[in-house]
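Undergrad: Quick one: structure below, then a few questions.
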Amino acid sequence: MTITSSNIQLCYQCGKCTAICPVRRVIKTSPRNTIYLNNVYRTTSDDIWNCLTCGLCYDGCPQGVDYPEFIKEVRDSNENGDIAHKGVFTLISDLMADLDESKTSLEEVGNNDSKIGYYPGCLDFHDMFFELDVDFKSIADSSVKLLKSIDQDPKLIQMKCCGHDQLWQGDKGTFEKLKEQNTRLIKESGIEKLVTSCAECYRTLSLDYDLPIEVVHISQVLKDADLGIDSGIKVTYHDACRLGRHMGEYDAPRDTLANAGSEVVEMKHNRNDAWCCGVSSMMNCDDKSKALRKARLDEAKATNAEVLITTCPKCLAHLNCMKDEQESVEQYDYDIKDLTVFLAGQMGGK
Amino acid sequence: MTEFEPDILTFCCNWCSYAGADLAGVSRLQYPTNSRIIRVMCSSRIEPIHILEAFKEGTDGILVTGCHIGDCHYIEGNVHTDERMKEMVDALEHLGLGQRLHLEWVSAAEGKKFQETITDFVEKIRALGPNPLKHKGVEE
């Protein structure tokens with residue numbers, strides 16, 4: 001047996017992963033059994049498409065089996081499972097890989113000579129294809145505004161999609177194409193530090209790319225900065241799986257919020273125990289994962305916070321969508337906002 | 001080398017623009033043969049995924065036609081089409097294909113307009129050149 005990066009062969013079938021799995025709460029799925037089928041019979045089941053790759057099982061595994069990594073490997077070259085929005089985001093990224101002219105943002109803002117780059121990710125496409133009362137583009141505007149206010153005037157980098165969804169949906173070929181083109185674009189731009197406002201972009205650019213420059217999430221830039229805000233608003237923070245468990249960054253967004261004078265209250269499941277929004281990499285948006293989102297919204301409601309903060313546009317979109325859907329049944333009296341939009345909103349017209 | 005002949009995909013709604021195309025036919029109005037017509041029940045049946053898939057397969061331009069606003073057989077289907085196509089043009093702009101999608105309202109009585117729309121669009125695409133994805137697609 002060969003040693004793989006996921007340590008899959010170290011599994012001794014304790015079943016802790018299955019007990020901890022958020023998907024297991026709503027459907028019959030078993031990470032333990034999937035590993036067993038792979039290790040003993042060399043087969044896979046449909047279970048590989050049920051996984052949200054949220055990383056809770058990896059966090060709890062006594063043997064350090066990286067189940068999400070294993071899922072990523074095994075999905076490659078397998079037929080796709082259920083992709084949300086009929087795969088329109090996937091298709092856009094596929095086309096981007098083959099079109100030289102394509103980019104995720106048409107805007108040219110910021111200081112062109114700056115050594116700091118800001119990558120907005122696919123926010124523009126979120127605005128086009130989600131019928132939600134959320135202005136995704138304002139995340140990019142807010143991020144630039146915040147970075148400017150702490151004298152780190154960024155240059156908006158026009159790249160292609162980072163390829164996160166392709167990688168996790170099992171299309172490694174397209175991911176490699178995007179990676180190659182983006183790496184070239186970043187090198188050509190001459191920046192030394194790349195700031196992202198999206199947890200998925202942050203994970204992908206840091207772990208799956210080999211970039212010669214530093215990649216940081218915007219909360220890591222803002223945590224020590226003095227933004228001159230003292231809001232006193234009671235907020236709760238939803239850990240995006242990519243920023244939290246995948247990258248181990250729990251403190252930076254909380255510190256940023258605390259620095260800005262907000263009172264951060266925690267939900268029942270927080271930090272490395274945080275529940276998933278249910279739709280990482282645009283997969284599995286169905287009635288089952290909606291049950292997970294409902295549970296998350298209920299947890300946030302129990303904290304009596306005024307705003308639910310998150311750092312991933314996908315969490316933002318899907319939690320907001322669920323909130324709208326539940327409107328006739330249950331009232332959630334809080335706003336769901338991105339960290340940067342929340343902070344920039346407090347800054348007012350400055 | 002032969003001259004570039006664009007492949008155009010035209011979506012016509014069953015109630016207005018397909019009848020408009022019929023009228024152009026029976027009136028013997030001449031228009032370029034580059035376009036293939038797909039009939040749909042309503043222009044709002046056309047989803048973003050259809051447009052993107054067609055470009056992926058190598059079509060050079062897509063023309064979406066429907067009833068005039070207010071005339072829709074399904075009352076307000078074409079209002080949704082209008083919104084959606086604006087978003088699609090924006091999305092295609094990001095991909096570098098922005099000029100290749102066009103929306104036009106053609107009623108059942110406007111055979112002449114149908115002829116002119118197709119002629120203009122074919123000429124526009126001919127000037128733009130082939131879809132950059134064409135030779136990467138499934139043809140070979």
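Each chain in the structure tokens gets a letter, A, B and so on, in the order shown; residues start at 1 in every chain, and ligands are counted from 1 in the order they appear.
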Do me a favour and pick out the residues of chain A within 9 Å of chain B, using only C-alpha atoms, as an NGL selection string.

TA: :A and (86-88 or 91-92 or 94-96 or 98-106 or 124-125 or 127-129)

Undergrad: Please provide as a ChimeraX atom specification all residues within 10 Å of segment 108-120 of chain B, with the sequence filter that same-chain residues fewer than 6 positions apart are discarded (counting only C-alpha atoms).

TA: /B:8,10,14-35,63,65-68,102,126

Undergrad: Contacts of Leu194 of chain A at 8 Å or less, counting only C-alpha atoms, minus same-chain residues fewer than 2 places along, as a list in words?

TA: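 Skipping anything fewer than 2 positions along the chain leaves Ile116, Gly117, Tyr118, Tyr119, Ile191, Glu192, Thr196, Ile213, Glu214, Val215 and Val216 of chain A.
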
Undergrad: Determine, counting only C-alpha atoms, which protein, DNA and RNA residues have an atom within 8 Å of an atom of Leu339 of chain A; residues of the same chain fewer than 4 positions away are not included. Present the result as a CSV table (one decimal) with all heavy atoms, in the first residue's frame.

TA:
chain,number,residue,atom,x,y,z
A,253,PRO,N,-10.5,37.1,12.4
A,253,PRO,CA,-11.8,37.8,12.2
A,253,PRO,C,-12.4,38.3,13.5
A,253,PRO,O,-12.9,39.3,13.6
A,253,PRO,CB,-12.7,36.7,11.5
A,253,PRO,CG,-11.8,35.6,11.1
A,253,PRO,CD,-10.6,35.7,11.9
A,309,ILE,N,-21.8,37.5,11.1
A,309,ILE,CA,-20.7,37.9,10.2
A,309,ILE,C,-20.1,36.6,9.7
A,309,ILE,O,-19.9,35.6,10.4
A,309,ILE,CB,-19.6,38.6,11.0
A,309,ILE,CG1,-20.2,39.8,11.7
A,309,ILE,CG2,-18.4,39.0,10.1
A,309,ILE,CD1,-20.4,41.0,10.9
A,310,THR,N,-19.7,36.6,8.4
A,310,THR,CA,-19.0,35.5,7.8
A,310,THR,C,-17.9,36.1,6.9
A,310,THR,O,-17.9,37.3,6.6
A,310,THR,CB,-19.9,34.5,7.1
A,310,THR,OG1,-19.1,33.5,6.6
A,310,THR,CG2,-20.6,35.2,6.0
A,311,THR,N,-17.0,35.2,6.5
A,311,THR,CA,-15.9,35.7,5.7
A,311,THR,C,-15.8,35.0,4.3
A,311,THR,O,-14.9,35.1,3.6
A,311,THR,CB,-14.6,35.4,6.4
A,311,THR,OG1,-14.6,34.1,6.9
A,311,THR,CG2,-14.3,36.4,7.5
A,343,LEU,N,-17.6,46.1,8.4
A,343,LEU,CA,-16.7,47.1,8.9
A,343,LEU,C,-16.8,48.4,8.1
A,343,LEU,O,-16.8,49.5,8.7
A,343,LEU,CB,-15.3,46.6,8.9
A,343,LEU,CG,-15.0,45.4,9.9
A,343,LEU,CD1,-13.6,44.9,9.6
A,343,LEU,CD2,-15.1,45.9,11.3

Undergrad: For a test of reading the model, state the distance in Å between atom CA of Gln331 of chain A and atom CA of Met347 of chain A, rounded to one decimal.

TA: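 The value is 28.4 Å.
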
Undergrad: Would you mind listing what lies within 7 Å of Met267 of chain A as a list of chain:residue names, with only C-alpha atoms counted and same-chain residues fewer than 3 positions away left out?

TA: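 In the requested format, the answer is A:Thr236, A:Asn270, A:Glu299, A:Ala300, A:Thr303.
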
Undergrad: Please dump the current selection as an mmCIF file, in the first residue's frame; keep N, CA and C atoms.

TA:
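Full text of selection_30.cif as output:
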data_model
loop_
_atom_site.group_PDB
_atom_site.id
_atom_site.type_symbol
_atom_site.label_atom_id
_atom_site.label_comp_id
_atom_site.auth_asym_id
_atom_site.auth_seq_id
_atom_site.Cartn_x
_atom_site.Cartn_y
_atom_site.Cartn_z
ATOM 1 N N THR A 236 -22.224 37.975 15.974
ATOM 2 C CA THR A 236 -21.720 36.614 16.118
ATOM 3 C C THR A 236 -21.007 36.245 14.826
ATOM 4 N N ASN A 270 -18.711 26.672 17.657
ATOM 5 C CA ASN A 270 -17.867 27.732 17.113
ATOM 6 C C ASN A 270 -16.449 27.239 16.955
ATOM 7 N N GLU A 299 -28.974 28.566 15.590
ATOM 8 C CA GLU A 299 -27.906 28.803 16.568
ATOM 9 C C GLU A 299 -27.588 30.288 16.679
ATOM 10 N N ALA A 300 -27.542 30.935 15.505
ATOM 11 C CA ALA A 300 -27.237 32.368 15.488
ATOM 12 C C ALA A 300 -28.345 33.152 16.169
ATOM 13 N N THR A 303 -28.159 33.395 19.947
ATOM 14 C CA THR A 303 -27.178 34.290 20.554
ATOM 15 C C THR A 303 -27.708 35.708 20.748
#

Undergrad: Which residues come within 10 Å of Gln169 of chain A, counting only C-alpha atoms, excluding same-chain residues fewer than 6 positions away, as a PyMOL selection string?

TA: chain A and resi 49+71-72+75-83+90+163+281-283

Undergrad: Can I get the selected residues back with N, CA and C atoms, as a compact mmCIF listing (two decimals), in the first residue's frame?

TA:
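Listed below is the output, result_2.txt:
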# COMPACT_ATOMS: atom_id res chain seq x y z
N TRP A 49 -19.77 11.94 -2.95
CA TRP A 49 -20.39 13.19 -3.42
C TRP A 49 -21.24 13.83 -2.34
N ILE A 71 -11.12 12.75 -0.29
CA ILE A 71 -12.28 13.00 -1.15
C ILE A 71 -11.87 13.75 -2.41
N LYS A 72 -11.00 14.73 -2.21
CA LYS A 72 -10.53 15.52 -3.35
C LYS A 72 -9.83 14.63 -4.37
N ARG A 75 -12.42 12.05 -6.01
CA ARG A 75 -13.41 12.66 -6.91
C ARG A 75 -12.83 12.90 -8.29
N ASP A 76 -11.52 13.14 -8.33
CA ASP A 76 -10.87 13.41 -9.60
C ASP A 76 -11.12 12.23 -10.54
N SER A 77 -11.52 12.54 -11.73
CA SER A 77 -11.80 11.55 -12.78
C SER A 77 -13.02 10.69 -12.49
N ASN A 78 -13.81 11.05 -11.49
CA ASN A 78 -15.08 10.37 -11.28
C ASN A 78 -16.22 11.24 -11.80
N GLU A 79 -17.32 10.62 -12.14
CA GLU A 79 -18.48 11.36 -12.65
C GLU A 79 -19.03 12.28 -11.56
N ASN A 80 -19.34 13.52 -11.95
CA ASN A 80 -19.80 14.52 -11.00
C ASN A 80 -21.09 14.16 -10.29
N GLY A 81 -21.20 14.59 -9.07
CA GLY A 81 -22.45 14.46 -8.35
C GLY A 81 -23.31 15.69 -8.58
N ASP A 82 -24.06 16.07 -7.58
CA ASP A 82 -25.02 17.15 -7.69
C ASP A 82 -24.32 18.51 -7.56
N ILE A 83 -24.40 19.32 -8.60
CA ILE A 83 -23.79 20.64 -8.55
C ILE A 83 -24.89 21.70 -8.54
N THR A 90 -19.62 26.43 -12.54
CA THR A 90 -18.59 25.49 -13.00
C THR A 90 -18.29 25.72 -14.47
N GLY A 163 -10.23 28.50 -9.22
CA GLY A 163 -10.32 27.08 -9.54
C GLY A 163 -10.69 26.20 -8.37
N SER A 281 -17.87 24.66 -2.28
CA SER A 281 -17.59 24.39 -3.70
C SER A 281 -18.84 24.13 -4.54
N MET A 282 -19.92 24.84 -4.23
CA MET A 282 -21.14 24.82 -5.05
C MET A 282 -21.70 23.41 -5.27
N MET A 283 -21.61 22.60 -4.24
CA MET A 283 -22.18 21.26 -4.38
C MET A 283 -23.20 21.01 -3.29

Undergrad: Please provide the set of residues having any atom within 10 Å of Cys14 of chain A, restricted to only C-alpha atoms, with same-chain residues fewer than 5 positions apart removed, written as a list in words.

TA: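 Surrounding residues, per the criterion: Ala19, Arg32, Cys61, Pro62 and Gln63 of chain A.
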
Undergrad: Keeping only N, CA and C atoms, take the residues you just selected and write them out as a PDB file, in the first residue's frame.

TA:
ATOM      1  N   ALA A  19     -19.518   9.795  13.443  1.00  0.00           N
ATOM      2  CA  ALA A  19     -20.287  10.377  14.547  1.00  0.00           C
ATOM      3  C   ALA A  19     -20.302  11.897  14.477  1.00  0.00           C
ATOM      4  N   ARG A  32     -16.487   6.652   7.560  1.00  0.00           N
ATOM      5  CA  ARG A  32     -15.755   5.447   7.963  1.00  0.00           C
ATOM      6  C   ARG A  32     -15.921   4.347   6.922  1.00  0.00           C
ATOM      7  N   CYS A  61     -10.245  13.340  14.035  1.00  0.00           N
ATOM      8  CA  CYS A  61      -9.662  12.013  13.808  1.00  0.00           C
ATOM      9  C   CYS A  61      -8.428  11.775  14.668  1.00  0.00           C
ATOM     10  N   PRO A  62      -8.421  10.674  15.454  1.00  0.00           N
ATOM     11  CA  PRO A  62      -7.254  10.391  16.302  1.00  0.00           C
ATOM     12  C   PRO A  62      -6.022   9.979  15.490  1.00  0.00           C
ATOM     13  N   GLN A  63      -6.233   9.539  14.250  1.00  0.00           N
ATOM     14  CA  GLN A  63      -5.124   9.061  13.435  1.00  0.00           C
ATOM     15  C   GLN A  63      -4.654  10.112  12.427  1.00  0.00           C
TER      16      GLN A  63
END

Undergrad: Tell me, in Å to one decimal, how far atom CA of Gly232 of chain A is from atom CA of Cys315 of chain A.

TA: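 One can read the atom CA of Gly232 of chain A to atom CA of Cys315 of chain A distance as 24.2 Å.
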
Undergrad: Among chain B, which ones does DSSP assign to helix (DSSP H, G or I) (computed from the backbone)? Answer as a count of residues only.

TA: 65

Undergrad: Which distance in Å separates atom CA of Lys301 of chain A and atom CA of Asp251 of chain A, to one decimal?

TA: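 We find that atom CA of Lys301 of chain A and atom CA of Asp251 of chain A lie 22.0 Å from each other.
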